[in-house]
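Source file final.csv; content: CSV, C-alpha atoms and all ligand atoms.
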```
chain,number,residue,atom,x,y,z
A,1,MET,CA,187.2,71.2,168.6
A,2,ASP,CA,185.4,70.1,171.7
A,3,VAL,CA,188.0,68.0,173.5
A,4,SER,CA,185.9,67.9,176.6
A,5,LEU,CA,184.1,65.0,175.1
A,6,LEU,CA,187.3,63.0,174.8
A,7,PRO,CA,188.3,60.7,177.7
A,8,SER,CA,191.1,62.0,179.8
A,9,GLU,CA,193.8,59.6,178.4
A,10,ILE,CA,193.2,61.0,174.9
A,11,ALA,CA,193.1,64.6,176.2
A,12,GLU,CA,196.5,64.0,177.7
A,13,ALA,CA,197.9,62.6,174.5
A,14,GLN,CA,196.5,65.6,172.7
A,15,SER,CA,198.2,68.1,175.0
A,16,ALA,CA,201.5,66.2,174.8
A,17,PHE,CA,201.4,66.1,171.0
A,18,PRO,CA,203.0,69.4,170.1
A,19,ALA,CA,206.0,68.9,172.2
A,20,ALA,CA,206.4,65.2,171.1
A,21,LEU,CA,206.2,66.4,167.5
A,22,ALA,CA,208.8,69.1,167.9
A,23,ALA,CA,211.1,66.5,169.7
A,24,CYS,CA,211.2,64.3,166.5
A,25,ALA,CA,214.7,65.0,165.3
A,26,ASP,CA,214.6,62.7,162.2
A,27,LEU,CA,212.2,60.8,160.0
A,28,ASP,CA,212.6,57.6,162.0
A,29,ALA,CA,211.5,59.3,165.2
A,30,LEU,CA,208.6,60.9,163.3
A,31,ASN,CA,207.5,57.5,162.0
A,32,ARG,CA,207.4,56.2,165.5
A,33,LEU,CA,205.3,59.1,166.7
A,34,LYS,CA,203.0,58.6,163.7
A,35,GLY,CA,202.6,55.0,164.6
A,36,ALA,CA,201.8,55.8,168.2
A,37,TYR,CA,199.2,58.5,167.4
A,38,THR,CA,197.6,57.7,164.1
A,39,GLY,CA,198.6,54.0,163.3
A,40,ARG,CA,195.9,51.5,162.5
A,41,GLU,CA,196.5,49.4,165.7
A,42,ALA,CA,197.6,50.2,169.3
A,43,SER,CA,197.5,53.9,168.6
A,44,HIS,CA,195.6,56.8,170.2
A,45,ALA,CA,193.5,57.0,167.0
A,46,ALA,CA,192.7,53.2,167.2
A,47,ARG,CA,191.8,53.6,170.9
A,48,MET,CA,189.5,56.6,170.0
A,49,MET,CA,187.7,54.4,167.4
A,50,ASP,CA,187.1,51.7,170.0
A,51,LEU,CA,185.7,54.4,172.4
A,52,LEU,CA,183.4,55.6,169.6
A,53,LYS,CA,182.1,52.1,168.9
A,54,ALA,CA,181.4,51.6,172.6
A,55,ALA,CA,179.8,55.0,173.2
A,56,PRO,CA,176.0,55.4,173.7
A,57,LYS,CA,174.1,56.0,170.5
A,58,GLU,CA,173.1,59.6,171.4
A,59,GLN,CA,176.8,60.6,172.0
A,60,LYS,CA,178.2,59.1,168.8
A,61,ARG,CA,177.7,62.1,166.5
A,62,ASP,CA,179.4,64.7,168.7
A,63,LEU,CA,182.2,62.3,169.8
A,64,GLY,CA,182.8,61.2,166.2
A,65,ALA,CA,183.2,64.8,165.1
A,66,ALA,CA,185.6,65.6,168.0
A,67,ILE,CA,187.7,62.4,167.3
A,68,ASN,CA,187.9,63.3,163.5
A,69,ALA,CA,189.0,66.8,164.3
A,70,VAL,CA,191.8,65.6,166.6
A,71,LYS,CA,193.0,62.9,164.2
A,72,ASN,CA,193.0,65.3,161.2
A,73,ALA,CA,195.0,67.9,163.2
A,74,TRP,CA,197.6,65.2,164.0
A,75,ASP,CA,197.8,64.0,160.4
A,76,GLU,CA,198.4,67.4,159.1
A,77,ALA,CA,201.0,68.4,161.7
A,78,ILE,CA,202.8,65.1,161.1
A,79,LYS,CA,202.8,65.7,157.3
A,80,ALA,CA,204.2,69.2,157.7
A,81,ARG,CA,206.9,68.0,160.0
A,82,GLN,CA,207.8,65.2,157.5
A,83,LEU,CA,208.4,67.8,154.8
A,84,GLU,CA,210.6,69.9,157.1
A,85,LEU,CA,212.7,66.9,158.1
A,86,ALA,CA,213.0,65.7,154.5
A,87,ALA,CA,214.2,69.2,153.4
A,88,ALA,CA,216.7,69.3,156.3
A,89,LYS,CA,218.0,65.9,155.4
A,90,LYS,CA,218.5,66.9,151.8
A,91,ALA,CA,220.3,70.1,152.8
A,92,ALA,CA,222.5,68.1,155.1
A,93,THR,CA,223.5,65.6,152.4
A,94,TRP,CA,224.3,68.3,149.7
A,95,ASP,CA,227.9,67.8,148.7
A,96,PRO,CA,229.4,70.8,147.0
A,97,THR,CA,232.3,68.7,145.7
A,98,LEU,CA,230.1,66.4,143.6
A,99,THR,CA,230.0,67.0,139.8
A,100,PRO,CA,226.8,68.9,139.0
A,101,PRO,CA,224.3,67.2,136.6
A,102,MET,CA,225.5,68.1,133.1
A,103,PRO,CA,223.3,69.4,130.3
A,104,PRO,CA,222.9,67.1,127.3
A,105,LYS,CA,226.0,66.9,125.1
A,106,GLY,CA,226.0,68.6,121.7
A,107,ALA,CA,227.4,66.9,118.6
A,108,LEU,CA,228.1,67.6,115.0
A,109,HIS,CA,225.2,67.3,112.6
A,110,PRO,CA,225.0,63.9,110.9
A,111,LEU,CA,225.7,65.4,107.4
A,112,ASP,CA,228.8,67.1,108.8
A,113,ARG,CA,230.0,63.8,110.3
A,114,LEU,CA,229.4,62.0,107.0
A,115,MET,CA,231.3,64.7,105.0
A,116,GLY,CA,234.1,64.4,107.5
A,117,ARG,CA,234.2,60.6,106.9
A,118,MET,CA,234.0,61.1,103.1
A,119,THR,CA,236.9,63.6,103.0
A,120,GLU,CA,238.9,61.5,105.5
A,121,ALA,CA,238.7,58.6,103.0
A,122,PHE,CA,240.9,60.6,100.6
A,123,ARG,CA,243.4,62.0,103.1
A,124,PRO,CA,245.9,59.1,102.9
A,125,LEU,CA,246.1,59.8,99.1
A,126,GLY,CA,247.3,63.4,99.8
A,127,TYR,CA,244.1,65.3,99.0
A,128,HIS,CA,243.7,68.7,100.8
A,129,ILE,CA,240.5,70.7,101.2
A,130,GLU,CA,239.7,73.7,99.0
A,131,GLU,CA,236.7,76.1,99.5
A,132,GLY,CA,234.9,78.5,97.3
A,133,PRO,CA,232.1,81.0,97.8
A,134,GLU,CA,228.4,80.0,97.6
A,135,ILE,CA,227.7,83.1,95.5
A,136,GLU,CA,229.4,82.5,92.2
A,137,THR,CA,229.8,84.1,88.8
A,138,ALA,CA,228.2,82.5,85.8
A,139,ALA,CA,231.7,82.4,84.4
A,140,ASN,CA,232.9,80.1,87.2
A,141,ASN,CA,229.7,78.1,87.6
A,142,PHE,CA,229.2,77.4,83.8
A,143,ASP,CA,231.7,78.9,81.3
A,144,GLY,CA,234.8,77.6,83.0
A,145,LEU,CA,233.3,74.2,83.1
A,146,ASN,CA,232.6,73.9,79.4
A,147,ILE,CA,228.8,74.2,79.9
A,148,PRO,CA,227.3,75.6,76.7
A,149,GLU,CA,225.5,78.9,76.5
A,150,ASP,CA,222.2,77.2,75.8
A,151,HIS,CA,222.4,74.5,78.5
A,152,PRO,CA,219.1,74.3,80.4
A,153,ALA,CA,220.9,74.4,83.8
A,154,ARG,CA,221.7,78.1,83.1
A,155,GLY,CA,218.0,79.0,83.0
A,156,SER,CA,216.4,81.0,85.8
A,157,SER,CA,214.0,78.1,86.3
A,158,ASP,CA,216.9,75.9,87.4
A,159,THR,CA,219.3,78.3,89.0
A,160,PHE,CA,218.9,81.1,91.6
A,161,TYR,CA,220.3,84.4,90.2
A,162,LEU,CA,220.8,87.4,92.5
A,163,ALA,CA,218.0,89.9,91.7
A,164,ALA,CA,220.3,92.9,92.1
A,165,HIS,CA,223.3,91.3,90.4
A,166,PRO,CA,222.1,89.1,87.5
A,167,GLU,CA,225.6,88.1,86.7
A,168,LEU,CA,225.9,86.4,90.1
A,169,LEU,CA,224.1,83.2,91.2
A,170,LEU,CA,224.0,80.6,94.0
A,171,ARG,CA,226.4,77.9,92.8
A,172,THR,CA,224.6,74.9,91.4
A,173,HIS,CA,227.4,72.5,92.1
A,174,THR,CA,230.8,72.5,93.9
A,175,SER,CA,232.5,72.3,90.5
A,176,PRO,CA,233.3,76.1,90.2
A,177,VAL,CA,235.9,75.4,92.9
A,178,GLN,CA,237.7,73.4,90.2
A,179,VAL,CA,237.7,76.6,88.0
A,180,ARG,CA,239.1,78.7,90.9
A,181,VAL,CA,241.8,76.2,91.9
A,182,LEU,CA,242.8,75.5,88.3
A,183,ALA,CA,243.1,79.3,87.6
A,184,ARG,CA,245.3,79.7,90.7
A,185,TYR,CA,247.5,76.7,89.9
A,186,GLY,CA,247.7,77.6,86.2
A,187,ALA,CA,248.6,81.3,86.6
A,188,LYS,CA,252.3,81.9,85.9
A,189,GLY,CA,254.2,83.6,88.7
A,190,ALA,CA,256.7,86.5,88.4
A,191,ASP,CA,259.3,83.8,87.5
A,192,GLY,CA,257.2,82.6,84.6
A,193,VAL,CA,256.5,79.3,86.4
A,194,SER,CA,253.0,78.2,87.5
A,195,LEU,CA,252.1,76.7,90.8
A,196,LEU,CA,251.1,73.6,89.0
A,197,GLU,CA,254.6,73.2,87.5
A,198,LYS,CA,256.3,74.0,90.8
A,199,LYS,CA,254.2,71.4,92.6
A,200,GLY,CA,254.2,68.9,89.8
A,201,GLY,CA,250.4,68.5,90.0
A,202,LEU,CA,247.5,69.1,92.4
A,203,ARG,CA,244.8,67.1,94.2
A,204,PHE,CA,242.0,68.5,96.4
A,205,LEU,CA,238.5,68.0,97.7
A,206,ALA,CA,235.9,70.7,97.8
A,207,PRO,CA,233.0,69.9,100.2
A,208,GLY,CA,230.2,72.5,100.4
A,209,ARG,CA,226.6,73.6,99.9
A,210,VAL,CA,225.0,74.0,96.5
A,211,TYR,CA,221.6,75.4,95.4
A,212,ARG,CA,219.1,74.5,92.8
A,213,LYS,CA,215.5,75.6,92.2
A,214,ASP,CA,213.9,72.3,93.2
A,215,GLU,CA,210.6,71.9,95.1
A,216,ILE,CA,211.1,70.4,98.5
A,217,ASP,CA,210.0,66.8,98.6
A,218,PRO,CA,211.3,63.6,100.1
A,219,THR,CA,214.2,63.4,97.6
A,220,HIS,CA,214.8,67.1,96.7
A,221,SER,CA,215.8,70.2,98.4
A,222,PRO,CA,216.8,73.7,97.1
A,223,MET,CA,220.0,73.4,99.2
A,224,PHE,CA,222.1,70.3,99.5
A,225,HIS,CA,225.8,69.3,99.8
A,226,GLN,CA,228.3,67.9,97.4
A,227,ILE,CA,231.9,66.9,97.7
A,228,GLU,CA,234.0,67.7,94.6
A,229,GLY,CA,237.4,66.1,94.0
A,230,MET,CA,240.1,66.7,91.4
A,231,LEU,CA,243.5,65.5,90.5
A,232,VAL,CA,245.8,67.0,87.9
A,233,GLY,CA,249.2,65.5,86.8
A,234,LYS,CA,251.1,64.2,83.8
A,235,GLY,CA,249.9,61.1,82.0
A,236,ILE,CA,246.7,60.8,84.2
A,237,GLY,CA,244.2,58.3,82.8
A,238,LEU,CA,241.0,56.4,83.7
A,239,HIS,CA,243.0,53.8,85.5
A,240,HIS,CA,244.1,56.4,88.0
A,241,LEU,CA,240.5,57.5,88.4
A,242,LYS,CA,239.3,54.0,89.0
A,243,GLY,CA,242.1,53.1,91.4
A,244,THR,CA,241.7,56.3,93.4
A,245,LEU,CA,237.9,56.0,93.8
A,246,SER,CA,237.9,52.3,94.4
A,247,TYR,CA,240.4,52.8,97.2
A,248,ALA,CA,238.4,55.7,98.8
A,249,MET,CA,235.1,53.7,98.6
A,250,ARG,CA,236.8,50.7,100.4
A,251,ALA,CA,238.0,53.1,103.1
A,252,LEU,CA,234.4,54.6,103.3
A,253,PHE,CA,232.2,51.4,103.1
A,254,GLY,CA,234.6,48.6,104.0
A,255,PRO,CA,237.4,46.5,102.5
A,256,ASP,CA,235.1,44.2,100.6
A,257,THR,CA,233.4,47.0,98.7
A,258,LYS,CA,233.4,46.4,94.9
A,259,ALA,CA,233.2,49.2,92.3
A,260,ARG,CA,231.9,49.3,88.7
A,261,PHE,CA,231.9,52.2,86.2
A,262,ARG,CA,229.3,53.1,83.6
A,263,PRO,CA,229.7,55.6,80.8
A,264,SER,CA,227.9,58.9,81.4
A,265,TYR,CA,228.0,62.5,80.2
A,266,PHE,CA,229.0,65.7,82.0
A,267,PRO,CA,230.2,68.7,80.0
A,268,PHE,CA,233.4,69.2,82.0
A,269,VAL,CA,234.7,65.7,81.6
A,270,GLU,CA,235.6,63.5,78.7
A,271,PRO,CA,235.0,60.6,78.9
A,272,GLY,CA,232.5,60.8,81.8
A,273,CYS,CA,231.3,57.9,84.0
A,274,GLU,CA,229.2,57.0,86.9
A,275,MET,CA,230.4,54.8,89.7
A,276,ASP,CA,228.4,52.2,91.5
A,277,VAL,CA,229.6,50.4,94.6
A,278,SER,CA,228.4,47.0,95.9
A,279,CYS,CA,225.5,47.9,98.2
A,280,PRO,CA,227.0,48.6,101.7
A,281,LEU,CA,223.8,47.4,103.4
A,282,CYS,CA,223.5,43.9,101.9
A,283,ALA,CA,227.1,43.5,100.7
A,284,GLY,CA,225.8,43.0,97.1
A,285,LYS,CA,223.2,40.3,97.9
A,286,GLY,CA,220.3,42.5,97.0
A,287,CYS,CA,218.0,44.5,99.4
A,288,ARG,CA,215.4,47.2,99.4
A,289,VAL,CA,218.0,50.0,99.4
A,290,CYS,CA,219.7,48.7,96.2
A,291,LYS,CA,216.3,47.6,94.8
A,292,GLY,CA,217.6,44.0,94.7
A,293,SER,CA,220.4,44.8,92.2
A,294,GLY,CA,223.3,44.6,94.8
A,295,TRP,CA,224.7,48.0,93.5
A,296,VAL,CA,224.1,51.6,94.4
A,297,GLU,CA,225.1,54.7,92.4
A,298,ILE,CA,227.6,56.7,94.4
A,299,LEU,CA,229.2,59.4,92.3
A,300,GLY,CA,229.8,60.9,88.9
A,301,ALA,CA,233.3,61.3,87.5
A,302,GLY,CA,235.5,61.5,84.4
A,303,LEU,CA,238.8,62.7,82.9
A,304,ILE,CA,239.0,66.5,82.9
A,305,HIS,CA,237.8,68.0,79.6
A,306,PRO,CA,240.8,69.6,77.8
A,307,ALA,CA,238.6,72.8,77.4
A,308,VAL,CA,238.5,73.1,81.2
A,309,LEU,CA,242.2,73.0,81.5
A,310,SER,CA,242.8,75.4,78.6
A,311,HIS,CA,240.2,77.8,80.1
A,312,ALA,CA,242.5,78.0,83.2
A,313,GLY,CA,245.6,78.6,81.0
A,314,ILE,CA,246.9,75.0,81.5
A,315,ASP,CA,248.4,73.2,78.6
A,316,ALA,CA,246.1,70.2,78.0
A,317,LYS,CA,248.8,68.5,76.0
A,318,VAL,CA,251.1,68.3,79.0
A,319,TRP,CA,248.6,68.0,81.8
A,320,SER,CA,245.6,65.7,82.4
A,321,GLY,CA,243.5,64.7,85.3
A,322,PHE,CA,240.2,63.5,86.7
A,323,ALA,CA,237.4,65.0,88.6
A,324,PHE,CA,234.5,63.5,90.6
A,325,GLY,CA,231.5,64.7,92.5
A,326,MET,CA,229.5,62.9,95.3
A,327,GLY,CA,226.1,63.9,96.7
A,328,VAL,CA,226.2,63.9,100.5
A,329,GLU,CA,222.5,63.7,101.2
A,330,ARG,CA,222.0,60.9,98.8
A,331,THR,CA,224.8,58.9,100.4
A,332,ALA,CA,223.5,59.8,103.9
A,333,MET,CA,220.0,58.6,103.0
A,334,MET,CA,221.4,55.4,101.5
A,335,VAL,CA,223.7,54.5,104.4
A,336,SER,CA,221.2,55.4,107.1
A,337,GLN,CA,218.2,54.1,105.2
A,338,THR,CA,216.4,57.4,105.7
A,339,PRO,CA,213.5,57.7,103.2
A,340,ASP,CA,213.0,61.4,103.6
A,341,LEU,CA,215.7,64.0,102.9
A,342,ARG,CA,213.8,66.7,104.8
A,343,LEU,CA,214.6,64.9,108.1
A,344,PHE,CA,218.2,66.0,107.8
A,345,PHE,CA,217.2,69.7,107.8
A,346,GLU,CA,214.4,69.7,110.4
A,347,ASN,CA,216.7,69.4,113.4
A,348,ASP,CA,214.4,67.0,115.3
A,349,GLN,CA,216.6,66.0,118.2
A,350,ARG,CA,215.2,62.4,118.2
A,351,PHE,CA,216.2,62.0,114.5
A,352,LEU,CA,219.7,63.5,115.0
A,353,ALA,CA,220.3,61.3,118.0
A,354,ALA,CA,219.3,58.2,116.1
A,355,MET,CA,221.8,59.0,113.3
A,356,GLY,CA,224.7,57.3,115.1
A,357,GLY,CA,225.0,54.9,112.1
A,358,LEU,CA,226.7,57.7,110.1
A,359,ASP,CA,229.7,57.8,112.4
A,401,ZN,ZN,221.5,46.2,99.0
```

Would you mind writing the file out in C-alpha cells?
Ligand SMILES: [Zn+2]
Amino acid sequence: MDVSLLPSEIAEAQSAFPAALAACADLDALNRLKGAYTGREASHAARMMDLLKAAPKEQKRDLGAAINAVKNAWDEAIKARQLELAAAKKAATWDPTLTPPMPPKGALHPLDRLMGRMTEAFRPLGYHIEEGPEIETAANNFDGLNIPEDHPARGSSDTFYLAAHPELLLRTHTSPVQVRVLARYGAKGADGVSLLEKKGGLRFLAPGRVYRKDEIDPTHSPMFHQIEGMLVGKGIGLHHLKGTLSYAMRALFGPDTKARFRPSYFPFVEPGCEMDVSCPLCAGKGCRVCKGSGWVEILGAGLIHPAVLSHAGIDAKVWSGFAFGMGVERTAMMVSQTPDLRLFFENDQRFLAAMGGLD
C-alpha cells in the first residue's frame, strides 16, 4: 500500500499498530484497540474518512485506495487476534474435574417395558416366569394343545415350517410353553411322585415372541409378542380365573378397572372366554379407542381342557386349572393410542422417546 499518501498522524498510528495489537493481553484490551483504530467515531479510521472528504478531487481516488488498504489490514489483524485470545481463554477455563458431556441415555424398548409391567401385575399372586424355544415341534405347538389334525392353523399358509426340518416350526403362540411346563410338572420322579404333587400346584407366566404368516400392515406383523399364563391346582374353577385376571388388570390399568367375560372358543380350554376391561383411556365413558363402547378386549382365557392335562400325564380328575394369553402389541397400541403396529419395530428414536406413556 502507498502509505506516503497518508498524513503523518495516520502513518504513525499505522507503524504503532503491530506492537499495540501484540500488547492486547485479553479481549477487553483488544476491543479498546479496535475502537481506537476502526471504530465509527473518534478513531483513526474515522479521521481518515474526514481527510478523504476534505481532500482535493484529483487525490480522492489514490487516497481512498490507500485508506481502504490500511483499514482492511487492521480489521483482519484484529479478527485474527480475537480468535487467538478466545482460544486462549477457552483453554484457560477448561476444568478437567468437571463431568464431561454424557451421550444420550439408552432405555428398554417400550414393548419390553410393557411386558415387564404386565408380568409384574401377576407377581404378588406368586407367578414365576417360564421360557420356551421359539423353534418348536408340531407336537408341542399343536398336538399337546388339543388342536385337531385338520385345524387350519397347522397349514403352511399360516405357520412357518423349517425347510430342512418340516417337523419343526416357529411357534405360533406362547402356549407350547404350557405343554413343556405341564410335562415337567406331570412327570413322576424316581420316588414315583410328580413335581406337581410335591408343590401342590403350579402357576407361571410365559412372555415371548411368536410367529405367523401374516402380511405386514398397520395391525399385523409376522412376529409379535404374547404373554401366556397358567395355574394348576385342585378344585380350580372359573371363579379363580375371574378373580385372578380382574386383580391383575386392576394392578395394570388402575384400581377402578372393571372386567367382563364373554364365552369364546380355543381348543386347549373348556370353557373358553374372552375378557374385556373398562377402557383405560376414557374410564368406560366411551372414546375413539374403545369405539364408544367403554370396553376393550384384553385377553383370551379358559379352564384348561382335560385333554391338555392328560397329554402331560396329569390326572384331570384330580387336577384342574386355567390358562390365559394376552397380546402385547395390541395392548401397547391401545394404551399408547398408536394406530400403526409397525412403529414398534422400526426403531425410530423419536417414536421410542415419545412412548413414555407405557411406563
Ligand atoms: Zn374408551

Can I get the residues of chain A within 12 Å of ligand ZN 401 (chain A), each with the closest pair of atoms and their distance in Å to one decimal, using only C-alpha atoms and all ligand atoms, sorted chain first then ascending number, as a Markdown table?
```
| residue | atom | partner | partner_atom | distance |
| --- | --- | --- | --- | --- |
| A:Thr257 | CA | A:ZN401 | ZN | 11.9 |
| A:Asp276 | CA | A:ZN401 | ZN | 11.8 |
| A:Val277 | CA | A:ZN401 | ZN | 10.1 |
| A:Ser278 | CA | A:ZN401 | ZN | 7.6 |
| A:Cys279 | CA | A:ZN401 | ZN | 4.4 |
| A:Pro280 | CA | A:ZN401 | ZN | 6.6 |
| A:Leu281 | CA | A:ZN401 | ZN | 5.1 |
| A:Cys282 | CA | A:ZN401 | ZN | 4.2 |
| A:Ala283 | CA | A:ZN401 | ZN | 6.4 |
| A:Gly284 | CA | A:ZN401 | ZN | 5.7 |
| A:Lys285 | CA | A:ZN401 | ZN | 6.2 |
| A:Gly286 | CA | A:ZN401 | ZN | 4.4 |
| A:Cys287 | CA | A:ZN401 | ZN | 3.9 |
| A:Arg288 | CA | A:ZN401 | ZN | 6.2 |
| A:Val289 | CA | A:ZN401 | ZN | 5.2 |
| A:Cys290 | CA | A:ZN401 | ZN | 4.2 |
| A:Lys291 | CA | A:ZN401 | ZN | 6.8 |
| A:Gly292 | CA | A:ZN401 | ZN | 6.2 |
| A:Ser293 | CA | A:ZN401 | ZN | 7.0 |
| A:Gly294 | CA | A:ZN401 | ZN | 4.8 |
| A:Trp295 | CA | A:ZN401 | ZN | 6.6 |
| A:Val296 | CA | A:ZN401 | ZN | 7.6 |
| A:Glu297 | CA | A:ZN401 | ZN | 11.3 |
| A:Met334 | CA | A:ZN401 | ZN | 9.5 |
| A:Val335 | CA | A:ZN401 | ZN | 10.1 |
| A:Gln337 | CA | A:ZN401 | ZN | 10.6 |
```

Report the closest atom pair, with its distance in Å rounded to one decimal, for each residue of range 71-158 of chain A that has an atom no farther than 12 Å from range 62-67 of chain A; count all atoms listed in the file, sort by chain and then rising residue number, and write it as a tab-separated table.
```
residue	atom	partner	partner_atom	distance
A:Lys71	CA	A:Ile67	CA	6.2
A:Asn72	CA	A:Ile67	CA	8.6
A:Ala73	CA	A:Ile67	CA	10.0
A:Trp74	CA	A:Ile67	CA	10.8
```

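Atom to atom, CA of Gly243 in chain A and CA of Arg117 in chain A stand 18.9 Å apart.
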
Under the rule that all atoms listed in the file are counted, which of A:Met118, A:Leu98, A:Leu303, A:Ile236 is the nearest residue to Val269 in chain A?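 Going through A:Met118, A:Leu98, A:Leu303, A:Ile236 one by one, the smallest distance to Val269 in chain A is for A:Leu303.
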
Place a sphere of radius 9 Å on (222.3, 84.4, 93.1) in the file coordinates and name every protein, DNA or RNA residue with an atom inside or on its surface, counting all atoms listed in the file; give the answer as an MDAnalysis selection string. chainID A and resid 134:137 159:171

With only C-alpha atoms as the atoms that count, which of A:Val318, A:Asn31, A:Pro222, A:Leu114 lies nearest to Ser157 in chain A?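 Using only C-alpha atoms, the shortest distance to Ser157 in chain A belongs to A:Pro222.
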
Produce a table with one row for each residue of range 130-232 of chain A that has an atom at most 8 Å from any atom of range 308-311 of chain A, each row naming the nearest atom pair and its distance in Å at one decimal; use all atoms listed in the file; arrange rows by chain and rising residue number; format as a Markdown table.
```
| residue | atom | partner | partner_atom | distance |
| --- | --- | --- | --- | --- |
| A:Gly144 | CA | A:Val308 | CA | 6.1 |
| A:Leu145 | CA | A:Val308 | CA | 5.6 |
| A:Asn146 | CA | A:Val308 | CA | 6.2 |
| A:Val179 | CA | A:Val308 | CA | 7.7 |
| A:Leu182 | CA | A:Leu309 | CA | 7.3 |
```

From (210.4, 77.0, 91.9), in the file's coordinates, out to 12 Å: which residues are reached, counting only C-alpha atoms? Answer as a PyMOL selection string. chain A and resi 155-160+211-216+220-222

Give me, as a list in words, all polymer residues having an atom no more than 10 Å from range 9-15 of chain A, counting all atoms listed in the file and skipping those fewer than 3 positions away in the same chain.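 The contact residues come out as Val3, Ser4, Leu5, Leu6, Pro18, Ala19, Ala20, Tyr37, His44, Ala45, Arg47, Met48, Ile67, Val70, Lys71, Ala73 and Trp74 of chain A.
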
Some atoms are absent from range 240-255 of chain A, so rebuild N, CA and C atoms and return them as a PDB file, keeping the file's coordinate frame.
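Here's the written file selection37.pdb:
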```
ATOM      1  N   HIS A 240     243.883  55.687  86.773  1.00  0.00           N
ATOM      2  CA  HIS A 240     244.100  56.400  88.000  1.00  0.00           C
ATOM      3  C   HIS A 240     242.817  56.769  88.711  1.00  0.00           C
ATOM      4  N   LEU A 241     241.852  57.196  87.900  1.00  0.00           N
ATOM      5  CA  LEU A 241     240.500  57.500  88.400  1.00  0.00           C
ATOM      6  C   LEU A 241     239.923  56.307  89.140  1.00  0.00           C
ATOM      7  N   LYS A 242     239.949  55.170  88.421  1.00  0.00           N
ATOM      8  CA  LYS A 242     239.300  54.000  89.000  1.00  0.00           C
ATOM      9  C   LYS A 242     240.042  53.496  90.241  1.00  0.00           C
ATOM     10  N   GLY A 243     241.360  53.547  90.218  1.00  0.00           N
ATOM     11  CA  GLY A 243     242.100  53.100  91.400  1.00  0.00           C
ATOM     12  C   GLY A 243     241.874  53.982  92.592  1.00  0.00           C
ATOM     13  N   THR A 244     241.878  55.301  92.353  1.00  0.00           N
ATOM     14  CA  THR A 244     241.700  56.300  93.400  1.00  0.00           C
ATOM     15  C   THR A 244     240.293  56.091  94.082  1.00  0.00           C
ATOM     16  N   LEU A 245     239.267  56.079  93.222  1.00  0.00           N
ATOM     17  CA  LEU A 245     237.900  56.000  93.800  1.00  0.00           C
ATOM     18  C   LEU A 245     237.602  54.666  94.390  1.00  0.00           C
ATOM     19  N   SER A 246     238.130  53.593  93.821  1.00  0.00           N
ATOM     20  CA  SER A 246     237.900  52.300  94.400  1.00  0.00           C
ATOM     21  C   SER A 246     238.549  52.205  95.808  1.00  0.00           C
ATOM     22  N   TYR A 247     239.769  52.768  95.925  1.00  0.00           N
ATOM     23  CA  TYR A 247     240.400  52.800  97.200  1.00  0.00           C
ATOM     24  C   TYR A 247     239.603  53.581  98.245  1.00  0.00           C
ATOM     25  N   ALA A 248     239.146  54.790  97.827  1.00  0.00           N
ATOM     26  CA  ALA A 248     238.400  55.700  98.800  1.00  0.00           C
ATOM     27  C   ALA A 248     237.083  55.004  99.186  1.00  0.00           C
ATOM     28  N   MET A 249     236.416  54.331  98.261  1.00  0.00           N
ATOM     29  CA  MET A 249     235.100  53.700  98.600  1.00  0.00           C
ATOM     30  C   MET A 249     235.325  52.513  99.537  1.00  0.00           C
ATOM     31  N   ARG A 250     236.470  51.823  99.397  1.00  0.00           N
ATOM     32  CA  ARG A 250     236.800  50.700 100.400  1.00  0.00           C
ATOM     33  C   ARG A 250     237.021  51.334 101.740  1.00  0.00           C
ATOM     34  N   ALA A 251     237.697  52.478 101.772  1.00  0.00           N
ATOM     35  CA  ALA A 251     238.000  53.100 103.100  1.00  0.00           C
ATOM     36  C   ALA A 251     236.627  53.596 103.688  1.00  0.00           C
ATOM     37  N   LEU A 252     235.696  54.013 102.832  1.00  0.00           N
ATOM     38  CA  LEU A 252     234.400  54.600 103.300  1.00  0.00           C
ATOM     39  C   LEU A 252     233.434  53.475 103.713  1.00  0.00           C
ATOM     40  N   PHE A 253     233.318  52.438 102.870  1.00  0.00           N
ATOM     41  CA  PHE A 253     232.200  51.400 103.100  1.00  0.00           C
ATOM     42  C   PHE A 253     232.739  50.070 103.504  1.00  0.00           C
ATOM     43  N   GLY A 254     234.066  49.880 103.605  1.00  0.00           N
ATOM     44  CA  GLY A 254     234.600  48.600 104.000  1.00  0.00           C
ATOM     45  C   GLY A 254     235.444  47.920 102.991  1.00  0.00           C
ATOM     46  N   PRO A 255     236.399  47.072 103.434  1.00  0.00           N
ATOM     47  CA  PRO A 255     237.400  46.500 102.500  1.00  0.00           C
ATOM     48  C   PRO A 255     236.877  45.600 101.445  1.00  0.00           C
TER      49      PRO A 255
END
```
